[in-house]
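The structure file final.txt is reproduced below (compact mmCIF, C-alpha atoms).
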```
# COMPACT_ATOMS: atom_id res chain seq x y z
CA MET A 1 0.00 0.00 0.00
CA ASN A 2 1.28 3.46 -0.92
CA TYR A 3 1.30 5.72 2.15
CA TRP A 4 2.96 8.68 0.45
CA PRO A 5 -0.35 10.44 -0.39
CA LEU A 6 -0.87 10.89 3.36
CA ILE A 7 1.85 13.53 3.26
CA GLY A 8 -0.88 15.90 2.09
CA VAL A 9 -2.50 15.59 5.52
CA ALA A 10 0.79 16.64 7.13
CA ALA A 11 1.01 19.59 4.74
CA LEU A 12 -2.55 20.58 5.63
CA ALA A 13 -1.85 20.42 9.37
CA LEU A 14 1.40 22.35 8.97
CA GLY A 15 -0.29 25.09 6.98
CA PHE A 16 -3.00 25.56 9.60
CA VAL A 17 -0.43 25.55 12.42
CA LEU A 18 1.52 28.29 10.62
CA ARG A 19 -1.79 30.17 10.13
CA LEU A 20 -1.37 30.47 6.38
CA ASN A 21 -4.23 31.26 4.01
CA PRO A 22 -6.68 28.34 4.43
CA ALA A 23 -7.69 28.22 0.75
CA LEU A 24 -4.06 28.20 -0.36
CA VAL A 25 -3.20 25.50 2.18
CA VAL A 26 -6.03 23.24 0.99
CA VAL A 27 -5.11 23.65 -2.69
CA VAL A 28 -1.40 23.02 -2.06
CA ALA A 29 -2.20 19.99 0.10
CA GLY A 30 -4.40 18.67 -2.67
CA PHE A 31 -1.60 19.00 -5.22
CA ILE A 32 0.88 17.35 -2.85
CA THR A 33 -1.49 14.44 -2.32
CA GLY A 34 -2.14 14.10 -6.04
CA LEU A 35 1.52 14.18 -7.00
CA ALA A 36 2.37 11.67 -4.27
CA ALA A 37 -0.32 9.41 -5.69
CA LYS A 38 1.25 9.80 -9.16
CA ILE A 39 -1.59 11.91 -10.53
CA SER A 40 -0.70 14.59 -13.06
CA PRO A 41 -1.25 18.27 -12.17
CA LEU A 42 -3.96 18.55 -14.84
CA GLU A 43 -5.85 15.63 -13.33
CA VAL A 44 -5.57 17.22 -9.88
CA LEU A 45 -7.01 20.44 -11.29
CA GLU A 46 -9.83 18.45 -12.86
CA VAL A 47 -10.64 16.80 -9.53
CA LEU A 48 -10.60 20.15 -7.71
CA GLY A 49 -12.77 21.80 -10.36
CA LYS A 50 -15.28 18.95 -10.35
CA ALA A 51 -15.51 18.99 -6.58
CA TYR A 52 -16.03 22.76 -6.63
CA THR A 53 -18.81 22.69 -9.21
CA GLU A 54 -20.62 19.76 -7.57
CA LYS A 55 -20.31 21.00 -3.97
CA ARG A 56 -20.40 24.76 -4.47
CA PHE A 57 -23.63 25.02 -2.46
CA LEU A 58 -21.51 24.23 0.61
CA LEU A 59 -19.79 27.59 0.11
CA LEU A 60 -22.99 29.30 1.24
CA PHE A 61 -22.05 28.30 4.77
CA LEU A 62 -18.62 29.92 4.36
CA LEU A 63 -20.25 33.24 3.50
CA THR A 64 -21.28 33.61 7.14
CA LEU A 65 -17.68 33.54 8.35
CA PRO A 66 -16.46 36.85 6.78
CA VAL A 67 -19.72 38.53 7.78
CA ILE A 68 -19.26 37.46 11.39
CA GLY A 69 -15.63 38.51 11.26
CA LEU A 70 -16.56 42.00 10.09
CA LEU A 71 -19.23 42.32 12.78
CA GLU A 72 -16.78 41.28 15.49
CA ARG A 73 -14.17 43.70 14.17
CA HIS A 74 -16.67 46.55 14.49
CA GLY A 75 -17.53 45.71 18.12
CA LEU A 76 -20.39 43.21 17.98
CA LYS A 77 -19.24 41.48 21.18
CA GLU A 78 -18.81 44.74 23.06
CA HIS A 79 -22.24 46.01 22.00
CA ALA A 80 -23.86 42.71 23.04
CA GLN A 81 -22.19 42.85 26.46
CA ARG A 82 -23.23 46.47 27.05
CA TRP A 83 -26.79 45.77 25.91
CA VAL A 84 -27.21 42.84 28.30
CA ALA A 85 -25.63 44.80 31.14
CA ARG A 86 -28.41 47.40 30.81
CA LEU A 87 -31.20 44.81 31.11
CA ARG A 88 -32.74 44.58 34.55
CA GLY A 89 -32.93 41.12 36.03
CA ALA A 90 -30.82 39.60 33.26
CA THR A 91 -28.51 36.96 34.73
CA MET A 92 -26.20 34.56 33.00
CA ALA A 93 -28.38 31.59 33.96
CA ARG A 94 -31.62 33.19 32.75
CA LEU A 95 -30.01 34.16 29.45
CA LEU A 96 -28.67 30.66 28.77
CA ILE A 97 -31.95 29.01 29.78
CA ALA A 98 -33.92 31.31 27.46
CA TYR A 99 -31.54 30.50 24.61
CA LEU A 100 -31.79 26.77 25.34
CA LEU A 101 -35.59 26.94 25.09
CA MET A 102 -35.44 28.91 21.84
CA ARG A 103 -32.83 26.55 20.39
CA GLN A 104 -34.85 23.44 21.20
CA ILE A 105 -38.09 24.83 19.79
CA ALA A 106 -36.41 26.06 16.60
CA SER A 107 -34.63 22.72 16.10
CA ALA A 108 -37.87 20.83 16.71
CA VAL A 109 -39.41 22.49 13.65
CA GLY A 110 -36.31 21.99 11.51
CA LEU A 111 -34.74 25.45 11.88
CA THR A 112 -31.37 24.12 13.01
CA SER A 113 -29.40 26.90 11.31
CA LEU A 114 -30.85 29.66 13.50
CA GLY A 115 -28.19 28.93 16.11
CA GLY A 116 -24.74 27.42 16.14
CA HIS A 117 -21.24 28.02 17.47
CA PRO A 118 -19.78 30.21 14.69
CA GLN A 119 -22.84 32.29 13.88
CA THR A 120 -24.50 32.69 17.31
CA VAL A 121 -22.53 31.36 20.29
CA ARG A 122 -19.17 33.03 19.63
CA PRO A 123 -20.35 36.49 18.46
CA LEU A 124 -23.55 36.84 20.54
CA LEU A 125 -24.45 34.29 23.19
CA ALA A 126 -21.09 33.96 24.93
CA PRO A 127 -20.42 37.74 25.08
CA MET A 128 -23.97 38.34 26.34
CA ALA A 129 -23.54 35.69 29.04
CA GLU A 130 -20.22 37.25 30.05
CA GLY A 131 -21.83 40.70 30.13
CA ALA A 132 -24.69 39.48 32.31
CA ALA A 133 -22.27 37.82 34.73
CA GLN A 134 -20.03 40.88 34.84
CA ALA A 135 -22.96 43.23 35.42
CA GLY A 136 -24.10 41.19 38.41
CA HIS A 137 -20.80 40.16 39.95
CA GLY A 138 -18.11 42.58 38.81
CA ASP A 139 -15.01 41.96 36.74
CA LEU A 140 -14.34 38.38 35.64
CA ASP A 141 -10.99 36.66 35.45
CA GLU A 142 -9.94 34.81 32.29
CA ASP A 143 -10.67 31.36 33.74
CA THR A 144 -14.25 32.35 34.57
CA ARG A 145 -14.74 33.80 31.10
CA GLN A 146 -13.56 30.58 29.49
CA ARG A 147 -15.93 28.56 31.69
CA ILE A 148 -18.86 30.77 30.69
CA ARG A 149 -18.00 30.39 27.01
CA ALA A 150 -17.83 26.61 27.40
CA MET A 151 -21.22 26.55 29.11
CA ALA A 152 -22.70 28.71 26.33
CA ALA A 153 -21.36 26.29 23.71
CA GLY A 154 -22.68 23.30 25.68
CA THR A 155 -26.10 24.94 25.94
CA ASP A 156 -26.25 25.26 22.17
CA ASN A 157 -25.24 21.60 21.76
CA VAL A 158 -27.93 20.35 24.13
CA GLY A 159 -30.65 22.46 22.54
CA LEU A 160 -29.77 21.33 19.03
CA PHE A 161 -29.20 17.65 19.80
CA PHE A 162 -32.39 17.02 21.73
CA GLY A 163 -34.52 19.47 19.76
CA GLU A 164 -33.85 18.08 16.29
CA ASP A 165 -34.89 14.58 17.39
CA ILE A 166 -38.47 15.87 17.44
CA PHE A 167 -38.34 16.97 13.80
CA ILE A 168 -39.94 14.20 11.70
CA ALA A 169 -37.64 14.80 8.70
CA PHE A 170 -34.47 14.57 10.76
CA GLY A 171 -32.05 11.89 9.58
CA ALA A 172 -31.97 10.07 12.92
CA VAL A 173 -35.76 9.70 12.94
CA LEU A 174 -35.73 8.27 9.42
CA LEU A 175 -32.86 5.98 10.39
CA ILE A 176 -34.85 4.62 13.32
CA GLN A 177 -37.85 4.07 11.05
CA SER A 178 -35.78 2.15 8.50
CA PHE A 179 -34.17 0.04 11.26
CA PHE A 180 -37.51 -1.06 12.65
CA LYS A 181 -38.90 -1.61 9.15
CA GLU A 182 -36.06 -4.02 8.40
CA HIS A 183 -37.12 -5.99 11.47
CA GLY A 184 -40.78 -6.14 10.52
CA LEU A 185 -42.10 -3.15 12.50
CA ASN A 186 -43.71 -0.36 10.48
CA LEU A 187 -43.59 2.85 12.51
CA ASP A 188 -44.71 6.29 11.44
CA PRO A 189 -41.98 8.99 11.65
CA LEU A 190 -44.42 11.21 13.53
CA HIS A 191 -44.79 8.62 16.28
CA ILE A 192 -41.02 8.24 16.55
CA ALA A 193 -40.58 12.01 16.77
CA MET A 194 -43.28 12.25 19.41
CA TRP A 195 -41.29 9.90 21.63
CA GLY A 196 -38.44 12.39 21.42
CA ILE A 197 -40.50 15.00 23.27
CA PRO A 198 -40.12 13.45 26.78
CA THR A 199 -36.39 13.13 26.22
CA ALA A 200 -36.16 16.76 25.09
CA ILE A 201 -38.10 17.92 28.15
CA CYS A 202 -35.85 15.92 30.47
CA ALA A 203 -32.75 17.32 28.73
CA PHE A 204 -34.11 20.85 29.13
CA VAL A 205 -34.79 20.42 32.85
CA ILE A 206 -31.45 18.72 33.53
CA HIS A 207 -29.44 21.33 31.66
CA CYS A 208 -31.33 24.15 33.39
CA ILE A 209 -30.25 22.64 36.71
CA ARG A 210 -26.67 22.40 35.43
CA VAL A 211 -26.69 26.06 34.38
CA LEU A 212 -28.08 27.21 37.75
CA ARG A 213 -25.52 25.12 39.64
CA PHE A 214 -22.79 26.50 37.41
CA GLU A 215 -23.83 30.06 38.17
CA ARG A 216 -23.94 29.43 41.94
CA ALA A 217 -20.49 27.80 41.84
CA MET A 218 -19.17 30.73 39.80
CA ILE A 219 -20.50 33.22 42.35
CA ARG A 220 -18.94 31.32 45.25
CA ARG A 221 -15.61 31.13 43.42
CA LEU A 222 -15.61 34.86 42.64
CA HIS A 223 -16.50 35.77 46.21
CA SER A 224 -13.76 33.54 47.61
CA GLN A 225 -11.21 35.04 45.19
CA ARG A 226 -12.15 38.57 46.18
CA ALA A 227 -12.08 37.70 49.87
CA ALA A 228 -8.59 36.28 49.40
CA GLU A 229 -7.50 39.44 47.57
CA VAL A 230 -8.88 41.65 50.34
CA ALA A 231 -7.11 39.54 52.96
CA ALA A 232 -3.84 39.77 51.03
CA LEU A 233 -4.16 43.56 50.77
CA ALA A 234 -4.88 43.76 54.51
CA ASP A 235 -1.77 41.70 55.28
CA GLN A 236 0.31 43.95 53.05
CA ALA A 237 -1.06 47.02 54.82
CA ARG A 238 -0.18 45.59 58.23
CA ASP A 239 3.32 44.71 57.09
CA ALA A 240 3.81 48.21 55.74
```
Spell out the structure here as structure tokens.
Amino acid sequence: MNYWPLIGVAALALGFVLRLNPALVVVVAGFITGLAAKISPLEVLEVLGKAYTEKRFLLLFLLTLPVIGLLERHGLKEHAQRWVARLRGATMARLLIAYLLMRQIASAVGLTSLGGHPQTVRPLLAPMAEGAAQAGHGDLDEDTRQRIRAMAAGTDNVGLFFGEDIFIAFGAVLLIQSFFKEHGLNLDPLHIAMWGIPTAICAFVIHCIRVLRFERAMIRRLHSQRAAEVAALADQARDA
């Protein structure tokens, strides 16, 4: 077996590590793989062109990335944090729970693209959660910010995963139907999706509890850190 074509994977990883232009890295890695597999440059170009023309609809997803980048460059995160900080009664837990409910309902009717890590969590949800936490409990250290971002990403995952199981045209529902049909049981996709509702409700309740516990633990940790800082300042004052 010829393992030389795998060198293209190494070239791809190296290019991303060096933070080179992603499109250039992919094209160069493709040529390296093709040449290692003893494919002529013209044939490699043909493969790349065919893949582009057949899968160009996937590029619609990539259009969101530069848009989000421009919004972040012009202060989208900062505006989201300031806006949440002005809302009365807005806490990190309430914000994440509201988003979880919206994400589950939207996914249940097939609108899975309304949320997501690149288009919603990173530019909006995580900064808003940080802003709500900062408005209620003061400045946050970097570790706390990273924990909040991770919880925001996990909230999106839970809402999508357990919400889309209710959508009758979801691939998993159709897979379950075909599995049972192969074993002599004819089930309607609607009935299968309906059985996903109790699971989605349980997931919602459990994750709400996790978010509330996370917020309480965060508050205790912040208070203990500030108490330790005050004690350290008091010791320094006595020594002086």
Pick out the closest residue to Gln104 of chain A from this set: A:Val44, A:Val26, A:Leu174, A:Leu160. Count only C-alpha atoms. A:Leu160
Computed interatomic separation between atom CA of Val25 of chain A and atom CA of Gly49 of chain A (Å):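 Result for atom CA of Val25 of chain A versus atom CA of Gly49 of chain A: 16.2 Å, one decimal.
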Neighbouring residues of Gly8 of chain A were defined as those with any atom within 8 Å, considering all atoms listed in the file; residues of the same chain fewer than 4 positions away were excluded. Please report them as a VMD selection string. chain A and resid 12 29 to 33
Quick check, in Å to one decimal: how far apart do atom CA of Gly136 of chain A and atom CA of Arg221 of chain A lie? 14.1 Å
Can you list, as a ChimeraX atom specification, every protein, DNA or RNA residue that comes within 7 Å of Met92 of chain A when you count only C-alpha atoms, leaving out same-chain residues fewer than 5 positions away? /A:129,132-133
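For the residues A:Cys208, A:Leu111, A:Ile176, A:Ile105, ranking by smallest atom-to-atom distance to Gly163 of chain A using all atoms listed in the file places A:Ile105 first.
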Selected residue of minimal separation from Gly131 of chain A among A:Glu43, A:Arg149, A:Thr112, A:Arg238, counting all atoms listed in the file: A:Arg149
Atom CA of Ile168 of chain A and atom CA of Leu190 of chain A, how far apart in Å? 5.7 Å
Return the single residue from A:Val109, A:Tyr99, A:Gly34, A:Leu114 that is closest to Ala126 of chain A, with distances computed using all atoms listed in the file.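 Result for the nearest residue to Ala126 of chain A: A:Tyr99.
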Just checking: using all atoms listed in the file, which residue out of A:Phe167, A:Phe16, A:Phe180, A:Trp4 ends up closest to Ala193 of chain A?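 Smallest distance to Ala193 of chain A is found for A:Phe167.
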Box dimensions and centre (Å, one decimal) enclosing segment 186-194 of chain A, axis-aligned, 8 Å extra per side, as AutoDock Vina command-line options:
```
--center_x -42.7 --center_y 5.9 --center_z 14.9 --size_x 20.2 --size_y 28.6 --size_z 24.9
```
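Of the listed residues A:Ala200, A:Ala135, A:Leu24, A:Leu45, the one whose atoms come nearest to Asp165 of chain A is A:Ala200, with distances taken using all atoms listed in the file.
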Any chance you could tabulate, as a Markdown table, the residues of segment 105-208 of chain A at most 12 Å from segment 224-234 of chain A with each one's nearest atom pair and distance in Å to one decimal, using all atoms listed in the file, in chain and rising number order?
```
| residue | atom | partner | partner_atom | distance |
| --- | --- | --- | --- | --- |
| A:His137 | CA | A:Arg226 | CA | 10.8 |
| A:Gly138 | CA | A:Arg226 | CA | 10.3 |
| A:Asp139 | CA | A:Arg226 | CA | 10.4 |
| A:Leu140 | CA | A:Gln225 | CA | 10.6 |
| A:Asp141 | CA | A:Gln225 | CA | 9.9 |
| A:Thr144 | CA | A:Gln225 | CA | 11.4 |
```
